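Trainee: The structure under discussion is supplied below as structure tokens; questions concerning it will follow.
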Amino acid sequence: MTEDWSFADLKRVETLWGPHGYHRYPAKFIPQLVHRIIESYSAPGDLVGDPFLGSATTGIEALRLGRHFCGSDISQVALMISRAKCIPICPRELSETWKQLDQQLDTVRRVGRRQLITEEQETISAIDIARATPEERFFYWFPTAYRISLEDILLKIFSHSEGNIRTFFLCGFSNILKRCSIWLSGSTKAQKDVCKVLSDPLAEKLDQHHCLLARNASLW
């Protein structure tokens, strides 16, 4: 009987379990495909490499199957996501850090879930993104109120975490940025949408909690 490599019967939730669902990333392989390839063409203790690491689907499955893993990527975001997914963290330490961080996040000012106001639209229209400075790019993608809220959240992550736990929470922080900006929803390219309803950064902290639950439910 020919083995089915289409995995057509899988539901989305079955491909995003545990650490595989930590962070959105374009063009992901489903873990079942990678799992089967590693299992078929390597043995426990072998070294599996991925020179185009992406979001570390290969790394997770290699480690789950008892292989060693080495990966690289030109994208610093990809490397951060991969470290958050592949480096073991003590569940107790992670839970304790989250409790402290969660209390501090409650002090962040809520900006609400809303569309841009006229003043914000005018600010964006006045910026030539092709020639913008780094500071102007922040003003372009993130309205002031959202930028301040995100900065406050980021500072609290740096103040209440360190090492691999900090990397884990920075991964969660990275995952909320698009929803709190004018980046066109569903687009992998940098396209603006001035009619978009922006998410409240503080409300998006739930992503951190979901990641925490996924981490503690994983096999590390």
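Chain labels follow the order of the structure tokens: the first chain is A, the next B, and so on; residue numbering restarts at 1 in every chain, and ligands are counted from 1 in their shown order.
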So that I can see what lies close to segment 187-195 of chain A, please list as a VMD selection string the residues with an atom at most 10 Å from it, counting only C-alpha atoms and leaving out residues fewer than 6 positions away in the same chain.

Mentor: chain A and resid 25 to 27 114 to 117 120 to 121 124 to 125 140 to 141 178 181

Trainee: What does the file look like for those residues with all heavy atoms, as a short mmCIF file (atom, residue, chain, number, x, y, z; two decimals), in the first residue's frame?

Mentor:
data_model
loop_
_atom_site.label_atom_id
_atom_site.label_comp_id
_atom_site.auth_asym_id
_atom_site.auth_seq_id
_atom_site.Cartn_x
_atom_site.Cartn_y
_atom_site.Cartn_z
N TYR A 25 3.91 32.40 11.00
CA TYR A 25 5.07 32.45 10.11
C TYR A 25 4.63 31.95 8.74
O TYR A 25 3.91 30.94 8.66
CB TYR A 25 6.21 31.57 10.66
CG TYR A 25 7.57 31.98 10.16
CD1 TYR A 25 8.30 32.96 10.82
CD2 TYR A 25 8.12 31.41 9.01
CE1 TYR A 25 9.55 33.36 10.38
CE2 TYR A 25 9.37 31.80 8.55
CZ TYR A 25 10.09 32.78 9.24
OH TYR A 25 11.32 33.17 8.78
N PRO A 26 5.03 32.64 7.66
CA PRO A 26 4.57 32.24 6.33
C PRO A 26 5.20 30.93 5.85
O PRO A 26 6.32 30.60 6.21
CB PRO A 26 4.99 33.42 5.44
CG PRO A 26 6.16 34.03 6.15
CD PRO A 26 5.86 33.88 7.62
N ALA A 27 4.46 30.21 5.04
CA ALA A 27 4.95 29.01 4.33
C ALA A 27 5.51 27.95 5.26
O ALA A 27 6.57 27.37 5.01
CB ALA A 27 6.00 29.41 3.29
N ARG A 114 -9.72 49.72 17.90
CA ARG A 114 -10.40 50.76 17.12
C ARG A 114 -9.70 51.02 15.79
O ARG A 114 -8.58 50.55 15.55
CB ARG A 114 -10.43 52.06 17.92
CG ARG A 114 -9.03 52.62 18.25
CD ARG A 114 -9.14 54.02 18.80
NE ARG A 114 -7.87 54.57 19.25
CZ ARG A 114 -6.94 55.11 18.47
NH1 ARG A 114 -7.13 55.14 17.14
NH2 ARG A 114 -5.83 55.61 18.98
N GLN A 115 -10.35 51.81 14.96
CA GLN A 115 -9.75 52.29 13.72
C GLN A 115 -8.95 53.56 13.98
O GLN A 115 -9.05 54.17 15.05
CB GLN A 115 -10.84 52.56 12.67
CG GLN A 115 -11.51 51.30 12.15
CD GLN A 115 -12.54 51.62 11.08
OE1 GLN A 115 -13.51 52.31 11.33
NE2 GLN A 115 -12.32 51.10 9.88
N LEU A 116 -8.18 53.96 13.00
CA LEU A 116 -7.38 55.17 13.13
C LEU A 116 -8.29 56.40 13.17
O LEU A 116 -9.32 56.45 12.50
CB LEU A 116 -6.43 55.32 11.93
CG LEU A 116 -5.41 54.20 11.70
CD1 LEU A 116 -4.58 54.53 10.46
CD2 LEU A 116 -4.51 54.01 12.91
N ILE A 117 -7.88 57.38 13.96
CA ILE A 117 -8.57 58.65 13.95
C ILE A 117 -7.97 59.51 12.83
O ILE A 117 -6.92 59.18 12.27
CB ILE A 117 -8.46 59.38 15.31
CG1 ILE A 117 -6.99 59.64 15.65
CG2 ILE A 117 -9.12 58.54 16.40
CD1 ILE A 117 -6.80 60.42 16.94
N GLU A 120 -4.28 60.54 13.08
CA GLU A 120 -3.35 59.43 12.83
C GLU A 120 -3.23 59.13 11.35
O GLU A 120 -2.14 58.86 10.84
CB GLU A 120 -3.82 58.19 13.60
CG GLU A 120 -3.71 58.35 15.11
CD GLU A 120 -4.45 57.27 15.87
OE1 GLU A 120 -5.37 56.63 15.29
OE2 GLU A 120 -4.13 57.04 17.06
N GLN A 121 -4.33 59.18 10.63
CA GLN A 121 -4.30 58.96 9.18
C GLN A 121 -3.48 60.04 8.49
O GLN A 121 -2.73 59.75 7.55
CB GLN A 121 -5.72 58.93 8.62
CG GLN A 121 -6.52 57.70 9.06
CD GLN A 121 -7.92 57.70 8.47
OE1 GLN A 121 -8.45 58.74 8.07
NE2 GLN A 121 -8.54 56.53 8.43
N ILE A 124 0.28 59.38 8.96
CA ILE A 124 0.75 58.31 8.08
C ILE A 124 0.88 58.81 6.64
O ILE A 124 1.87 58.53 5.95
CB ILE A 124 -0.21 57.11 8.14
CG1 ILE A 124 -0.14 56.46 9.53
CG2 ILE A 124 0.12 56.08 7.07
CD1 ILE A 124 -1.25 55.48 9.80
N SER A 125 -0.10 59.56 6.18
CA SER A 125 -0.10 60.06 4.80
C SER A 125 1.07 61.01 4.54
O SER A 125 1.55 61.13 3.41
CB SER A 125 -1.41 60.79 4.50
OG SER A 125 -2.51 59.90 4.61
N TYR A 140 4.81 55.44 11.24
CA TYR A 140 4.02 55.02 10.08
C TYR A 140 3.19 53.78 10.41
O TYR A 140 1.98 53.75 10.16
CB TYR A 140 4.96 54.73 8.92
CG TYR A 140 4.28 54.35 7.62
CD1 TYR A 140 3.87 55.31 6.71
CD2 TYR A 140 4.07 53.00 7.29
CE1 TYR A 140 3.27 54.97 5.50
CE2 TYR A 140 3.46 52.64 6.09
CZ TYR A 140 3.07 53.62 5.21
OH TYR A 140 2.46 53.27 4.02
N TRP A 141 3.81 52.78 11.00
CA TRP A 141 3.13 51.50 11.23
C TRP A 141 2.35 51.46 12.53
O TRP A 141 1.34 50.74 12.63
CB TRP A 141 4.15 50.35 11.21
CG TRP A 141 4.73 50.11 9.85
CD1 TRP A 141 6.01 50.40 9.45
CD2 TRP A 141 4.08 49.56 8.71
NE1 TRP A 141 6.18 50.07 8.12
CE2 TRP A 141 5.02 49.55 7.64
CE3 TRP A 141 2.79 49.08 8.47
CZ2 TRP A 141 4.71 49.08 6.38
CZ3 TRP A 141 2.47 48.61 7.21
CH2 TRP A 141 3.43 48.60 6.18
N LYS A 178 1.79 42.73 14.47
CA LYS A 178 1.04 43.02 13.25
C LYS A 178 -0.39 43.43 13.54
O LYS A 178 -0.95 44.33 12.91
CB LYS A 178 1.05 41.81 12.31
CG LYS A 178 2.34 41.63 11.54
CD LYS A 178 2.21 40.52 10.51
CE LYS A 178 3.50 40.34 9.74
NZ LYS A 178 3.39 39.25 8.73
N SER A 181 -0.81 47.08 14.51
CA SER A 181 -0.27 48.04 13.55
C SER A 181 -1.22 48.16 12.36
O SER A 181 -2.25 47.49 12.31
CB SER A 181 1.10 47.57 13.06
OG SER A 181 0.95 46.48 12.14
#

Trainee: Please report, as a VMD selection string, each residue of chain A to which DSSP assigns helix (DSSP H, G or I) when run on this structure's backbone.

Mentor: chain A and resid 12 to 15 18 to 21 31 to 41 57 to 64 76 to 86 91 to 105 118 to 125 129 to 131 134 to 141 144 to 160 163 to 176 178 to 180 203 to 217

Trainee: Could you save the residues just selected, with C-alpha atoms, as a short mmCIF file (atom, residue, chain, number, x, y, z; two decimals), in the first residue's frame?

Mentor:
data_model
loop_
_atom_site.label_atom_id
_atom_site.label_comp_id
_atom_site.auth_asym_id
_atom_site.auth_seq_id
_atom_site.Cartn_x
_atom_site.Cartn_y
_atom_site.Cartn_z
CA ARG A 12 -5.56 23.01 11.29
CA VAL A 13 -5.52 22.46 15.04
CA GLU A 14 -3.59 19.21 14.48
CA THR A 15 -0.75 21.06 12.76
CA GLY A 18 2.18 22.84 21.36
CA PRO A 19 5.21 24.91 20.30
CA HIS A 20 4.20 24.70 16.62
CA GLY A 21 1.53 27.32 17.32
CA PRO A 31 5.00 19.00 11.49
CA GLN A 32 3.60 15.62 10.42
CA LEU A 33 5.48 15.85 7.12
CA VAL A 34 8.78 16.79 8.74
CA HIS A 35 8.28 14.15 11.43
CA ARG A 36 7.88 11.39 8.85
CA ILE A 37 10.92 12.50 6.82
CA ILE A 38 13.19 12.64 9.88
CA GLU A 39 11.91 9.32 11.17
CA SER A 40 12.39 7.67 7.76
CA TYR A 41 15.84 8.99 6.87
CA THR A 57 9.28 23.09 12.61
CA THR A 58 12.17 20.81 11.65
CA GLY A 59 14.00 21.54 14.90
CA ILE A 60 11.02 20.71 17.10
CA GLU A 61 10.36 17.40 15.36
CA ALA A 62 14.05 16.45 15.32
CA LEU A 63 14.30 16.97 19.08
CA ARG A 64 11.05 15.11 19.72
CA GLN A 76 16.86 37.47 13.40
CA VAL A 77 13.11 37.09 14.00
CA ALA A 78 13.25 33.49 12.79
CA LEU A 79 16.17 32.78 15.12
CA MET A 80 14.29 34.28 18.09
CA ILE A 81 11.16 32.24 17.33
CA SER A 82 13.25 29.08 16.93
CA ARG A 83 15.03 29.57 20.24
CA ALA A 84 11.70 30.12 21.98
CA LYS A 85 10.39 26.86 20.51
CA CYS A 86 13.42 24.59 20.81
CA PRO A 91 7.62 24.91 33.45
CA ARG A 92 7.64 26.01 37.09
CA GLU A 93 10.05 28.91 36.42
CA LEU A 94 8.04 29.93 33.38
CA SER A 95 4.76 29.92 35.32
CA GLU A 96 6.23 31.95 38.17
CA THR A 97 7.68 34.53 35.79
CA TRP A 98 4.34 34.79 33.97
CA LYS A 99 2.48 35.47 37.25
CA GLN A 100 4.83 38.37 38.04
CA LEU A 101 4.72 39.72 34.50
CA ASP A 102 0.94 39.37 34.25
CA GLN A 103 0.47 41.52 37.37
CA GLN A 104 2.71 44.22 35.90
CA LEU A 105 0.92 44.12 32.54
CA THR A 118 -8.19 61.46 11.39
CA GLU A 119 -5.03 62.85 12.98
CA GLU A 120 -3.35 59.43 12.83
CA GLN A 121 -4.30 58.96 9.18
CA GLU A 122 -2.84 62.37 8.37
CA THR A 123 0.43 61.49 10.12
CA ILE A 124 0.75 58.31 8.08
CA SER A 125 -0.10 60.06 4.80
CA ILE A 129 7.83 55.21 3.68
CA ALA A 130 10.36 54.60 0.88
CA ARG A 131 12.59 57.38 2.29
CA PRO A 134 13.77 54.40 11.39
CA GLU A 135 11.82 56.68 13.74
CA GLU A 136 9.39 57.69 10.98
CA ARG A 137 8.79 54.03 10.21
CA PHE A 138 7.56 53.47 13.77
CA PHE A 139 5.20 56.42 13.41
CA TYR A 140 4.02 55.02 10.08
CA TRP A 141 3.13 51.50 11.23
CA THR A 144 1.33 56.92 18.96
CA ALA A 145 -1.06 55.45 21.55
CA TYR A 146 -0.36 51.91 20.39
CA ARG A 147 3.36 52.51 20.17
CA ILE A 148 3.47 53.76 23.77
CA SER A 149 1.47 50.77 25.02
CA LEU A 150 3.69 48.30 23.17
CA GLU A 151 6.82 49.99 24.49
CA ASP A 152 5.50 49.70 28.05
CA ILE A 153 4.79 45.99 27.57
CA LEU A 154 8.26 45.43 26.10
CA LEU A 155 9.97 47.21 29.00
CA LYS A 156 8.08 45.06 31.49
CA ILE A 157 9.19 41.89 29.67
CA PHE A 158 12.81 43.02 29.95
CA SER A 159 12.36 43.99 33.60
CA HIS A 160 10.74 40.73 34.75
CA GLY A 163 17.67 34.40 29.38
CA ASN A 164 15.56 31.78 27.63
CA ILE A 165 12.39 32.81 29.48
CA ARG A 166 12.80 36.36 28.16
CA THR A 167 13.24 34.97 24.63
CA PHE A 168 10.02 33.01 25.09
CA PHE A 169 8.03 36.12 26.07
CA LEU A 170 9.66 38.21 23.33
CA CYS A 171 8.37 35.60 20.88
CA GLY A 172 4.85 36.17 22.21
CA PHE A 173 5.36 39.94 22.00
CA SER A 174 6.51 39.68 18.39
CA ASN A 175 3.40 37.69 17.53
CA ILE A 176 1.04 40.55 18.49
CA LYS A 178 1.04 43.02 13.25
CA ARG A 179 -2.41 43.07 14.83
CA CYS A 180 -1.52 46.27 16.68
CA ALA A 203 -5.76 42.59 25.25
CA GLU A 204 -3.31 40.73 23.02
CA LYS A 205 -1.33 39.67 26.09
CA LEU A 206 -3.60 36.61 25.99
CA ASP A 207 -1.26 35.37 23.28
CA GLN A 208 1.41 35.18 25.95
CA HIS A 209 -0.91 33.10 28.12
CA HIS A 210 -1.82 30.78 25.25
CA CYS A 211 1.87 30.28 24.52
CA LEU A 212 2.44 29.51 28.18
CA LEU A 213 -0.25 26.84 28.16
CA ALA A 214 1.16 25.38 24.95
CA ARG A 215 4.67 25.30 26.41
CA ASN A 216 3.51 23.50 29.57
CA ALA A 217 1.45 21.04 27.51
#

Trainee: Mind giving me the straight-line distance from atom CA of Leu47 of chain A to atom CA of Lys28 of chain A in Å, one decimal?

Mentor: 21.5 Å

Trainee: Counting only C-alpha atoms, figure out which residue out of A:Gly71, A:Ile87, A:Ile182, A:Pro201 gets nearest to Asp106 of chain A.

Mentor: A:Pro201

Trainee: By how many Å are atom CA of Asp50 of chain A and atom CA of Asp73 of chain A apart?

Mentor: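 Spanning atom CA of Asp50 of chain A to atom CA of Asp73 of chain A is a straight-line distance of 8.6 Å.
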
Trainee: Between A:Ser55, A:Pro44, A:Glu3, A:Asp200, single out the one closest to Tyr22 of chain A, counting only C-alpha atoms.

Mentor: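 Closest candidate: A:Ser55.
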
Trainee: Kindly give the distance, in Å, that separates atom CA of Val48 of chain A and atom CA of Leu16 of chain A, rounded to a single decimal.

Mentor: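 Calculated distance between atom CA of Val48 of chain A and atom CA of Leu16 of chain A is 21.5 Å.
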
Trainee: Between A:Ile30, A:His23, A:Ala56, A:Gly49, single out the one closest to Trp5 of chain A, counting only C-alpha atoms.

Mentor: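 Ranked by minimum distance to Trp5 of chain A, first place goes to A:Ile30.
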
Trainee: Give me every strand (DSSP E or B) residue in segment 21-200 of chain A, going by DSSP on the backbone, as a count of residues only.

Mentor: 12

Trainee: Counting only C-alpha atoms, figure out which residue out of A:Arg67, A:Leu10, A:Leu202, A:Gly54 gets nearest to Arg113 of chain A.

Mentor: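 Checking each of A:Arg67, A:Leu10, A:Leu202, A:Gly54 against Arg113 of chain A, counting only C-alpha atoms, the winner is A:Leu202.
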